[in-house]
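Structure data (TSV, C-alpha atoms) from final_25.tsv:
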chain	number	residue	atom	x	y	z
W	1	MET	CA	2.94	-2.77	41.41
W	2	GLY	CA	2.52	-2.37	37.65
W	3	LYS	CA	4.72	-0.23	35.45
W	4	LYS	CA	3.61	3.35	34.94
W	5	ARG	CA	2.87	4.19	31.33
W	6	ASN	CA	4.65	7.20	29.81
W	7	ALA	CA	2.55	10.29	29.24
W	8	GLY	CA	1.15	10.49	25.73
W	9	GLN	CA	1.77	6.82	25.06
W	10	PRO	CA	-1.37	5.09	23.71
W	11	SER	CA	-2.88	2.27	25.68
W	12	SER	CA	-1.76	-1.20	24.67
W	13	LYS	CA	-5.41	-1.95	23.99
W	14	THR	CA	-5.76	0.88	21.49
W	15	LEU	CA	-4.50	0.48	17.93
W	16	SER	CA	-3.79	3.74	16.15
W	17	LYS	CA	-5.31	3.85	12.66
W	18	ALA	CA	-4.86	5.99	9.56
W	19	LEU	CA	-8.01	6.98	7.69
W	20	THR	CA	-7.86	5.94	4.04
W	21	GLY	CA	-10.43	8.39	2.70
W	22	ILE	CA	-11.79	5.56	0.53
W	23	GLN	CA	-15.55	5.73	0.72
W	24	GLY	CA	-16.95	2.92	2.87
W	25	LEU	CA	-13.60	1.30	3.73
W	26	ASP	CA	-12.97	3.32	6.89
W	27	GLU	CA	-16.38	2.21	8.14
W	28	ILE	CA	-15.59	-1.47	7.58
W	29	THR	CA	-12.14	-1.21	9.17
W	30	LEU	CA	-13.52	0.88	12.05
W	31	GLY	CA	-11.11	3.74	11.41
W	32	GLY	CA	-8.76	2.87	8.57
W	33	LEU	CA	-5.50	0.94	8.18
W	34	PRO	CA	-3.05	0.27	11.04
W	35	ARG	CA	-0.88	3.36	11.46
W	36	GLY	CA	2.85	2.78	11.21
W	37	ARG	CA	2.37	-0.83	10.03
W	38	PRO	CA	2.29	-2.64	6.67
W	39	THR	CA	-1.00	-3.58	5.00
W	40	LEU	CA	-1.09	-6.13	2.19
W	41	ILE	CA	-3.53	-5.64	-0.70
W	42	SER	CA	-3.90	-8.89	-2.61
W	43	GLY	CA	-5.81	-9.55	-5.80
W	44	GLY	CA	-5.69	-10.75	-9.37
W	45	ALA	CA	-4.93	-8.71	-12.46
W	46	GLY	CA	-7.36	-5.82	-12.87
W	47	SER	CA	-8.79	-6.11	-9.36
W	48	GLY	CA	-7.84	-2.52	-8.42
W	49	LYS	CA	-4.70	-2.97	-6.32
W	50	THR	CA	-2.72	-0.11	-7.84
W	51	LEU	CA	-5.73	2.19	-7.70
W	52	PHE	CA	-6.23	1.30	-4.04
W	53	GLY	CA	-2.65	2.33	-3.29
W	54	LEU	CA	-2.94	5.53	-5.30
W	55	GLU	CA	-6.15	6.61	-3.63
W	56	PHE	CA	-4.79	5.81	-0.18
W	57	LEU	CA	-1.83	8.06	-0.95
W	58	VAL	CA	-3.78	10.89	-2.61
W	59	ARG	CA	-6.48	11.03	0.07
W	60	GLY	CA	-3.82	11.07	2.75
W	61	ALA	CA	-1.99	13.97	1.13
W	62	THR	CA	-5.08	16.04	0.32
W	63	GLN	CA	-7.47	15.28	3.19
W	64	TYR	CA	-5.31	14.36	6.17
W	65	SER	CA	-2.07	16.33	5.60
W	66	GLU	CA	-0.04	13.13	5.39
W	67	PRO	CA	2.42	13.23	2.44
W	68	GLY	CA	3.26	9.95	0.78
W	69	VAL	CA	5.68	8.02	-1.42
W	70	PHE	CA	4.55	5.78	-4.27
W	71	MET	CA	7.24	3.35	-5.38
W	72	SER	CA	6.39	1.41	-8.52
W	73	PHE	CA	8.26	-1.69	-9.62
W	74	GLU	CA	6.19	-2.10	-12.81
W	75	GLU	CA	4.56	1.02	-14.26
W	76	THR	CA	6.66	4.02	-15.24
W	77	ILE	CA	5.89	7.41	-13.73
W	78	PRO	CA	4.36	8.86	-16.96
W	79	ASP	CA	2.05	5.85	-17.29
W	80	LEU	CA	1.12	6.02	-13.62
W	81	THR	CA	0.33	9.74	-13.87
W	82	LYS	CA	-1.86	9.28	-16.95
W	83	ASN	CA	-3.78	6.39	-15.41
W	84	ALA	CA	-4.37	8.36	-12.21
W	85	ALA	CA	-5.57	11.40	-14.17
W	86	SER	CA	-8.43	9.35	-15.64
W	87	LEU	CA	-9.67	8.90	-12.07
W	88	GLY	CA	-9.45	12.57	-11.17
W	89	PHE	CA	-6.09	12.40	-9.35
W	90	ASP	CA	-3.65	15.15	-10.36
W	91	LEU	CA	-0.36	13.53	-9.38
W	92	ASP	CA	1.73	16.17	-11.16
W	93	ARG	CA	0.28	18.91	-8.96
W	94	LEU	CA	0.76	16.87	-5.80
W	95	VAL	CA	4.37	16.18	-6.76
W	96	ALA	CA	4.96	19.88	-7.47
W	97	ASP	CA	3.48	20.75	-4.06
W	98	LYS	CA	5.77	18.16	-2.44
W	99	LYS	CA	2.82	16.23	-1.05
W	100	VAL	CA	3.60	13.10	-3.04
W	101	PHE	CA	6.86	11.58	-4.29
W	102	LEU	CA	6.76	9.14	-7.20
W	103	ASP	CA	9.57	6.74	-7.96
W	104	HIS	CA	9.97	3.94	-10.48
W	105	VAL	CA	12.46	1.28	-9.45
W	106	HIS	CA	13.88	-0.89	-12.19
W	107	ILE	CA	15.10	-4.25	-10.94
W	108	ALA	CA	18.24	-5.34	-12.81
W	109	ARG	CA	17.46	-9.04	-12.96
W	110	ASN	CA	20.48	-9.82	-15.12
W	111	GLU	CA	22.80	-8.56	-12.40
W	112	ILE	CA	21.12	-10.85	-9.88
W	113	ALA	CA	21.59	-13.80	-12.22
W	114	GLU	CA	25.25	-12.96	-12.74
W	115	THR	CA	26.27	-12.30	-9.14
W	116	GLY	CA	23.77	-14.45	-7.29
W	117	GLU	CA	23.58	-11.73	-4.63
W	118	TYR	CA	20.46	-9.91	-3.61
W	119	ASP	CA	19.54	-7.72	-0.67
W	120	LEU	CA	17.31	-4.76	0.01
W	121	ASP	CA	19.78	-2.30	1.48
W	122	GLY	CA	19.71	-0.17	-1.65
W	123	LEU	CA	15.91	-0.11	-1.63
W	124	PHE	CA	15.83	0.89	2.04
W	125	ILE	CA	18.12	3.84	1.29
W	126	ARG	CA	15.96	4.85	-1.67
W	127	ILE	CA	12.73	4.71	0.33
W	128	ALA	CA	14.27	6.61	3.25
W	129	ASP	CA	15.52	9.34	0.91
W	130	ALA	CA	12.10	9.69	-0.73
W	131	VAL	CA	10.37	9.81	2.65
W	132	GLN	CA	12.72	12.57	3.81
W	133	LYS	CA	12.14	14.69	0.70
W	134	VAL	CA	8.42	15.14	1.32
W	135	GLY	CA	8.17	14.24	5.00
W	136	ALA	CA	6.12	11.19	4.05
W	137	GLN	CA	3.99	9.30	6.53
W	138	ARG	CA	2.49	6.93	3.97
W	139	VAL	CA	4.23	4.59	1.52
W	140	VAL	CA	2.91	2.40	-1.29
W	141	LEU	CA	4.98	-0.41	-2.84
W	142	ASP	CA	3.49	-1.73	-6.09
W	143	THR	CA	3.94	-4.70	-6.61
W	144	ILE	CA	6.03	-6.99	-4.43
W	145	GLU	CA	6.25	-9.77	-7.07
W	146	SER	CA	8.29	-7.53	-9.36
W	147	LEU	CA	10.71	-6.94	-6.52
W	148	PHE	CA	11.38	-10.62	-5.86
W	149	SER	CA	10.35	-12.34	-9.08
W	150	GLU	CA	13.84	-13.37	-10.17
W	151	LEU	CA	15.22	-14.37	-6.80
W	152	PRO	CA	15.89	-18.14	-7.13
W	153	ASN	CA	16.72	-19.00	-3.51
W	154	PRO	CA	13.49	-19.47	-1.48
W	155	GLY	CA	15.32	-19.10	1.80
W	156	ILE	CA	16.81	-15.73	0.87
W	157	LEU	CA	13.47	-14.63	-0.60
W	158	ARG	CA	11.60	-15.31	2.64
W	159	ALA	CA	14.29	-13.65	4.72
W	160	GLU	CA	14.28	-10.51	2.56
W	161	ILE	CA	10.49	-10.24	2.61
W	162	ARG	CA	10.52	-10.45	6.39
W	163	ARG	CA	13.29	-7.87	6.51
W	164	LEU	CA	11.36	-5.49	4.26
W	165	PHE	CA	8.19	-5.65	6.35
W	166	GLY	CA	10.17	-5.35	9.56
W	167	TRP	CA	12.10	-2.31	8.30
W	168	LEU	CA	8.92	-0.49	7.25
W	169	LYS	CA	7.35	-1.20	10.63
W	170	GLN	CA	10.49	-0.04	12.46
W	171	LYS	CA	10.37	3.27	10.57
W	172	GLY	CA	6.73	3.79	11.59
W	173	LEU	CA	5.53	4.13	8.00
W	174	THR	CA	1.89	3.38	7.23
W	175	THR	CA	2.48	1.21	4.20
W	176	VAL	CA	0.33	-0.40	1.53
W	177	ILE	CA	2.02	-3.26	-0.32
W	178	THR	CA	0.25	-4.78	-3.31
W	179	ALA	CA	0.63	-8.42	-4.33
W	180	GLU	CA	-0.67	-10.68	-7.07
W	181	ARG	CA	-2.92	-13.42	-5.76
W	182	ASP	CA	-1.69	-16.93	-6.39
W	183	ARG	CA	-3.96	-19.27	-8.35
W	184	SER	CA	-3.92	-21.72	-5.46
W	185	ASP	CA	-5.43	-21.11	-2.05
W	186	ARG	CA	-2.59	-18.75	-1.10
W	187	LEU	CA	-3.21	-15.02	-1.15
W	188	THR	CA	0.21	-14.27	-2.64
W	189	ARG	CA	2.67	-15.96	-4.94
W	190	HIS	CA	5.30	-16.55	-2.27
W	191	GLY	CA	2.85	-17.42	0.52
W	192	ILE	CA	4.64	-15.49	3.26
W	193	GLU	CA	3.57	-11.86	2.79
W	194	GLU	CA	0.17	-12.38	4.37
W	195	PHE	CA	1.76	-13.81	7.52
W	196	VAL	CA	4.09	-10.85	8.15
W	197	SER	CA	1.45	-8.20	7.35
W	198	ASP	CA	-0.58	-6.62	10.14
W	199	CYS	CA	-3.59	-6.19	7.85
W	200	VAL	CA	-4.55	-8.14	4.73
W	201	ILE	CA	-7.27	-7.03	2.31
W	202	LEU	CA	-8.34	-9.18	-0.62
W	203	LEU	CA	-9.74	-7.61	-3.80
W	204	ASP	CA	-11.64	-9.93	-6.10
W	205	HIS	CA	-12.86	-9.22	-9.63
W	206	ARG	CA	-15.04	-12.13	-10.64
W	207	ILE	CA	-17.28	-13.01	-13.58
W	208	ARG	CA	-20.12	-15.42	-12.98
W	209	GLU	CA	-22.87	-16.15	-15.47
W	210	GLU	CA	-21.48	-13.36	-17.66
W	211	ILE	CA	-21.90	-10.79	-14.87
W	212	SER	CA	-18.84	-8.89	-13.65
W	213	THR	CA	-18.68	-7.98	-9.96
W	214	ARG	CA	-16.03	-6.67	-7.57
W	215	ARG	CA	-15.72	-7.79	-3.95
W	216	LEU	CA	-13.52	-6.70	-1.03
W	217	ARG	CA	-12.80	-8.76	2.09
W	218	ILE	CA	-10.63	-8.07	5.12
W	219	VAL	CA	-8.83	-11.35	5.65
W	220	LYS	CA	-6.83	-10.29	8.68
W	221	TYR	CA	-6.42	-7.28	10.96
W	222	ARG	CA	-4.15	-7.70	13.96
W	223	GLY	CA	-5.29	-5.91	17.09
W	224	SER	CA	-8.62	-4.71	15.70
W	225	THR	CA	-12.14	-5.89	15.07
W	226	HIS	CA	-13.47	-5.34	11.56
W	227	GLY	CA	-16.20	-6.24	9.14
W	228	THR	CA	-15.78	-9.87	8.14
W	229	ASN	CA	-18.11	-10.14	5.16
W	230	GLU	CA	-17.46	-9.72	1.46
W	231	TYR	CA	-18.39	-6.20	0.42
W	232	PRO	CA	-19.15	-5.07	-3.13
W	233	PHE	CA	-17.14	-2.12	-4.38
W	234	LEU	CA	-17.14	0.08	-7.44
W	235	ILE	CA	-14.41	1.83	-9.42
W	236	ASP	CA	-15.42	4.99	-11.25
W	237	GLU	CA	-14.04	8.42	-12.11
W	238	HIS	CA	-13.96	9.30	-8.41
W	239	GLY	CA	-11.97	6.26	-7.31
W	240	ILE	CA	-13.10	3.35	-5.13
W	241	SER	CA	-16.43	3.18	-3.31
W	242	VAL	CA	-17.06	0.28	-0.93
W	243	LEU	CA	-20.67	-0.56	-0.10
W	244	PRO	CA	-20.75	-1.78	3.53
W	245	LEU	CA	-24.44	-2.60	3.53
W	246	SER	CA	-24.32	-5.08	6.38
W	247	SER	CA	-22.45	-2.63	8.63
W	248	LEU	CA	-25.08	0.09	8.47
W	249	GLY	CA	-26.66	0.88	11.80
W	250	LEU	CA	-30.40	0.79	12.45
W	251	ASP	CA	-30.53	4.20	14.10
W	252	HIS	CA	-31.81	6.27	11.18
W	253	ALA	CA	-34.63	8.77	11.61
W	254	ALA	CA	-38.28	7.86	10.96
W	255	PRO	CA	-40.10	10.96	9.62
W	256	ALA	CA	-43.79	11.22	10.46
W	257	GLU	CA	-44.56	13.30	7.35
W	258	ARG	CA	-46.82	11.69	4.76
W	259	ILE	CA	-46.63	12.17	0.98
W	260	SER	CA	-49.17	11.26	-1.67
W	261	SER	CA	-48.82	8.15	-3.77
W	262	GLY	CA	-50.36	10.08	-6.65
W	263	ILE	CA	-53.43	7.83	-6.56
W	264	ALA	CA	-56.27	9.33	-4.51
W	265	ARG	CA	-58.01	6.06	-3.63
W	266	LEU	CA	-54.70	4.43	-2.64
W	267	ASP	CA	-54.01	7.39	-0.36
W	268	GLY	CA	-57.46	6.80	1.13
W	269	MET	CA	-56.53	3.20	1.89
W	270	LEU	CA	-53.45	4.55	3.65
W	271	GLY	CA	-55.43	6.70	6.05
W	272	GLY	CA	-55.96	9.45	3.51
W	273	LYS	CA	-52.36	10.61	3.80
W	274	GLY	CA	-50.24	8.35	1.57
W	275	PHE	CA	-46.78	6.94	2.30
W	276	TYR	CA	-44.41	7.95	5.07
W	277	ARG	CA	-41.58	10.05	3.67
W	278	GLY	CA	-38.29	8.15	3.70
W	279	SER	CA	-39.94	4.74	3.63
W	280	SER	CA	-39.40	1.96	1.07
W	281	ILE	CA	-42.45	0.67	-0.77
W	282	LEU	CA	-42.49	-2.63	-2.67
W	283	ILE	CA	-45.03	-2.97	-5.48
W	284	SER	CA	-45.35	-6.66	-6.31
W	285	GLY	CA	-47.42	-8.34	-8.99
W	286	THR	CA	-47.32	-10.43	-12.12
W	287	SER	CA	-46.74	-9.01	-15.59
W	288	GLY	CA	-49.41	-6.52	-16.64
W	289	THR	CA	-50.82	-5.80	-13.17
W	290	GLY	CA	-49.78	-2.13	-13.23
W	291	LYS	CA	-46.57	-1.96	-11.23
W	292	THR	CA	-44.93	0.58	-13.55
W	293	SER	CA	-48.15	2.63	-13.64
W	294	VAL	CA	-48.25	2.90	-9.84
W	295	ALA	CA	-44.58	3.98	-9.84
W	296	ALA	CA	-45.29	6.55	-12.56
W	297	HIS	CA	-48.16	8.04	-10.55
W	298	PHE	CA	-45.86	8.33	-7.54
W	299	VAL	CA	-43.20	10.11	-9.62
W	300	ASP	CA	-45.77	12.40	-11.24
W	301	ALA	CA	-47.14	13.43	-7.82
W	302	ALA	CA	-43.64	14.18	-6.52
W	303	CYS	CA	-42.83	16.34	-9.53
W	304	ARG	CA	-46.09	18.25	-9.06
W	305	ARG	CA	-44.88	19.08	-5.56
W	306	GLY	CA	-41.70	20.46	-7.09
W	307	GLU	CA	-39.53	17.58	-5.89
W	308	ARG	CA	-36.76	16.06	-8.03
W	309	CYS	CA	-37.01	12.39	-8.97
W	310	LEU	CA	-34.85	9.63	-10.40
W	311	PHE	CA	-36.55	6.83	-12.36
W	312	PHE	CA	-34.49	3.66	-12.85
W	313	ALA	CA	-35.79	1.25	-15.49
W	314	PHE	CA	-34.46	-2.26	-16.03
W	315	GLU	CA	-36.88	-3.73	-18.55
W	316	GLU	CA	-38.74	-1.25	-20.75
W	317	SER	CA	-36.96	1.38	-22.78
W	318	LEU	CA	-37.35	4.94	-21.63
W	319	ARG	CA	-39.34	5.99	-24.65
W	320	GLN	CA	-41.71	3.09	-24.07
W	321	ILE	CA	-42.38	4.22	-20.51
W	322	VAL	CA	-43.08	7.82	-21.52
W	323	ARG	CA	-45.34	6.66	-24.36
W	324	ASN	CA	-47.23	4.08	-22.31
W	325	MET	CA	-47.88	6.45	-19.41
W	326	ARG	CA	-49.61	8.87	-21.78
W	327	SER	CA	-52.31	6.21	-22.19
W	328	ILE	CA	-53.30	6.67	-18.52
W	329	GLY	CA	-53.10	10.45	-18.64
W	330	LEU	CA	-49.57	11.01	-17.33
W	331	ASP	CA	-47.22	13.35	-19.19
W	332	LEU	CA	-43.81	12.51	-17.72
W	333	GLU	CA	-41.91	14.30	-20.45
W	334	GLN	CA	-42.94	17.70	-19.10
W	335	TRP	CA	-41.10	16.97	-15.86
W	336	VAL	CA	-38.02	15.87	-17.77
W	337	ARG	CA	-38.02	19.18	-19.64
W	338	LYS	CA	-38.35	21.12	-16.39
W	339	GLY	CA	-35.41	19.25	-14.86
W	340	LEU	CA	-37.50	17.61	-12.13
W	341	LEU	CA	-37.35	14.06	-13.51
W	342	GLN	CA	-34.35	12.15	-14.76
W	343	PHE	CA	-34.46	8.67	-16.27
W	344	HIS	CA	-31.69	6.09	-16.09
W	345	ALA	CA	-32.03	2.80	-17.89
W	346	ALA	CA	-29.86	-0.32	-17.67
W	347	GLY	CA	-30.42	-3.31	-19.89
W	348	PRO	CA	-30.06	-6.95	-18.77
W	349	PRO	CA	-26.59	-7.61	-17.28
W	350	MET	CA	-25.57	-9.95	-20.09
W	351	GLU	CA	-26.21	-7.22	-22.65
W	352	ASP	CA	-25.18	-3.84	-21.31
W	353	LEU	CA	-24.68	-2.62	-17.77
W	354	ASN	CA	-23.88	0.94	-18.78
W	355	SER	CA	-26.61	3.33	-17.72
W	356	THR	CA	-28.05	5.66	-20.32
W	357	CYS	CA	-29.73	8.92	-19.53
W	358	TYR	CA	-32.92	9.89	-21.31
W	359	LYS	CA	-33.03	13.39	-22.70
W	360	PRO	CA	-36.17	14.67	-24.45
W	361	THR	CA	-35.97	15.61	-28.11
W	362	ARG	CA	-35.43	19.29	-28.74
W	363	THR	CA	-36.36	19.60	-32.40
W	364	SER	CA	-39.57	21.47	-31.60
W	365	PRO	CA	-41.87	22.06	-28.61
W	366	ALA	CA	-44.42	19.69	-30.09
W	367	SER	CA	-41.97	16.86	-30.77
W	368	SER	CA	-42.44	13.59	-28.94
W	369	PRO	CA	-39.70	11.29	-27.58
W	370	VAL	CA	-41.55	8.32	-29.05
W	371	SER	CA	-42.04	9.74	-32.52
W	372	SER	CA	-40.52	7.64	-35.24
How does this structure look as C-alpha cells?
Amino acid sequence: MGKKRNAGQPSSKTLSKALTGIQGLDEITLGGLPRGRPTLISGGAGSGKTLFGLEFLVRGATQYSEPGVFMSFEETIPDLTKNAASLGFDLDRLVADKKVFLDHVHIARNEIAETGEYDLDGLFIRIADAVQKVGAQRVVLDTIESLFSELPNPGILRAEIRRLFGWLKQKGLTTVITAERDRSDRLTRHGIEEFVSDCVILLDHRIREEISTRRLRIVKYRGSTHGTNEYPFLIDEHGISVLPLSSLGLDHAAPAERISSGIARLDGMLGGKGFYRGSSILISGTSGTGKTSVAAHFVDAACRRGERCLFFAFEESLRQIVRNMRSIGLDLEQWVRKGLLQFHAAGPPMEDLNSTCYKPTRTSPASSPVSS
C-alpha cells in the first residue's frame, strides 16, 4: 500500500512556478520560473541579464505581492537605481515601501589572496538578514563571476558554487542568478553553474550582417516542459518583451464582418463586400505595380469609416508617400491631422532602425508636408 500524501502537499508530478511578469516569458515557460529553486540567466555583456533580474524582482513585488532582494556584486546601488529608472522602475519607492531590498556586496579580493581562505558563510548570513527585513520570496544575485573571480582553487570554487545553490534551494527562495557566458561552448565561465541550476535561460545579443538582434532560449528546465526554440525579445522603456510567435495557439476568432478595400472594383471581385475583418492580406508585385497605392486606398477607406490606422513604411519616405498618393486623388494628410492616421517609417537596417513618426506641418492650414 502506497504512502499517503500530506494534505496541502503538491503532487510530485506538479512543479510550482513563480510568474515573472515579463511579457511573453511566462507563456514560453508555461507559468514562470521554478518556485523555491535557482534559475541561471546566462549571456554576454549587454545581453540584458541585469535587467532580467531587476524586472523579475520588480514585477514580483508590484504584481504578485512577493517582495525581493537584489544583491549586486558589481554595480553600486546608486548606479543600479539610475539604470532601473530609465526603464520605468522606481526602486527608491519600492525600497521605501519595504517591497525590495538592495545590497551591494564588495568582495575583498586582497584578503582572499593573503589568507587563502574563502567560504560563503558571511554571504549566507547577509542574504538571510536581507530576506528577513522585507519578507522576501525572490532573490537576484548579479553576477556570480564577481563572487568567485579571484578564487584560485578550482576544487574549492566548485564546492562553494554547489553550496550556494543548495543553500538557496534549502531556504525555498525563488532565485535568479546571472552569469557571463564563456567564449567557448560552455554557458558560464566556470562550467558548473548550469549543472546545479534547475532552470537555465540563455540571452544572446548578436550582430549579423550589421543587424543587431536579441534572442532568448530556455536551455534547461527540470521537471517542466517548455518552449524549445529561440525567441526574439526586445528591451525598451517598459522592460523586456519576449515574442513567442511559435507558441501562439490557432484558436483565435474568425469574424464574418467584411470591410471595404477602398477600391470599388476590387470589392466587387471579393463578392462585393471586401476583406474579412481581422484577416491578413498580402499584396505582391514587382516595382511600380501599385502595391503602395492599394495599401493607401485601404487606409483611406478605414479612416473614412472613422477607424484609426497605423502605416509602416520601409522604403519610401513619409513625405514621398503623402505626395505620391495625391496623384491618384488620395489626401492622406487630412487623416493625420484628424488623428486617425499615424505614420511610422524605418530605414534599411544597416542605416537606421529607429522609427520616426510623421507629423504634418503646422505653419498654416494650406501648408503641405512635401513643400520645399
Mind checking which residues fall within 9 Å of Gly88 in chain W, counting only C-alpha atoms, ignoring those fewer than 3 positions away in the same chain, and posting them as an NGL selection string?
:W and (84-85 or 237-239)
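Nearest to Leu51 in chain W of all the residues W:Ile211, W:Ile240, W:Leu147, W:Ile127 is W:Ile240, based on only C-alpha atoms.
Distance-wise, CA of Gly32 in chain W and CA of Gly172 in chain W end up 15.8 Å apart.
Nearest to Lys49 in chain W of all the residues W:His106, W:Lys98, W:Arg181, W:Lys133 is W:Arg181, based on all atoms listed in the file.
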Report the distance between CA of Ile321 in chain W and CA of Ser293 in chain W in Å, rounded to one decimal place.
9.1 Å
Report as number ranges by chain all protein, DNA and RNA residues lying within 6 Å of Gln137 in chain W, evaluated on only C-alpha atoms, omitting residues in the same chain fewer than 4 positions from it.
W: 66-68, 173
Using all atoms listed in the file: which of W:Glu230, W:Glu257, W:Asp103, W:Glu74 has the shortest distance to Pro244 in chain W:
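When distances to Pro244 in chain W are compared using all atoms listed in the file, the smallest one comes from W:Glu230.
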At what distance in Å, to one decimal, does CA of Gly272 in chain W lie from CA of Ala296 in chain W?
19.5 Å
W:Asp300, W:Thr76, W:Ala256, W:Glu315: which is nearest Gln334 in chain W, counting only C-alpha atoms?
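Comparing W:Asp300, W:Thr76, W:Ala256, W:Glu315 against Gln334 in chain W, the winner is W:Asp300.
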Fewer than 3 positions away in the same chain doesn't count, so skip those; otherwise give me all residues within 12 Å of Cys199 in chain W, counting only C-alpha atoms, as number ranges by chain.
W: 17, 29, 32-42, 165, 174-178, 193-196, 202, 217-226
Given all atoms listed in the file as the counted atoms, nearest of W:Leu270, W:Val336, W:Ala302, W:Ile201 to Leu318 in chain W:
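Among W:Leu270, W:Val336, W:Ala302, W:Ile201, it is W:Val336 that comes nearest to Leu318 in chain W.
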Nearest residue to Phe101 in chain W from the set W:Lys169, W:Lys82, W:Arg59, W:Arg138 (distances using all atoms listed in the file)
W:Arg138
Would you list the residues near (-44.6, 26.1, -10.2), meaning any protein, DNA or RNA residue with an atom at most 12 Å from that point in file coordinates, counting all atoms listed in the file, as a ChimeraX atom specification?
/W:303-307,335,338,340
Those selected residues, please, written with C-alpha atoms and delivered as a PDB file, in the frame of the given file.
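result.pdb, written as the output of this step:
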ATOM      1  CA  CYS W 303     -42.830  16.340  -9.530  1.00  0.00           C
ATOM      2  CA  ARG W 304     -46.090  18.250  -9.060  1.00  0.00           C
ATOM      3  CA  ARG W 305     -44.880  19.080  -5.560  1.00  0.00           C
ATOM      4  CA  GLY W 306     -41.700  20.460  -7.090  1.00  0.00           C
ATOM      5  CA  GLU W 307     -39.530  17.580  -5.890  1.00  0.00           C
ATOM      6  CA  TRP W 335     -41.100  16.970 -15.860  1.00  0.00           C
ATOM      7  CA  LYS W 338     -38.350  21.120 -16.390  1.00  0.00           C
ATOM      8  CA  LEU W 340     -37.500  17.610 -12.130  1.00  0.00           C
TER       9      LEU W 340
END
Which polymer residues have any atom within 9 Å of an atom of Ser317 in chain W, counting only C-alpha atoms, with same-chain residues fewer than 4 positions away left out, as a ChimeraX atom specification?
/W:313,321-322,345-347
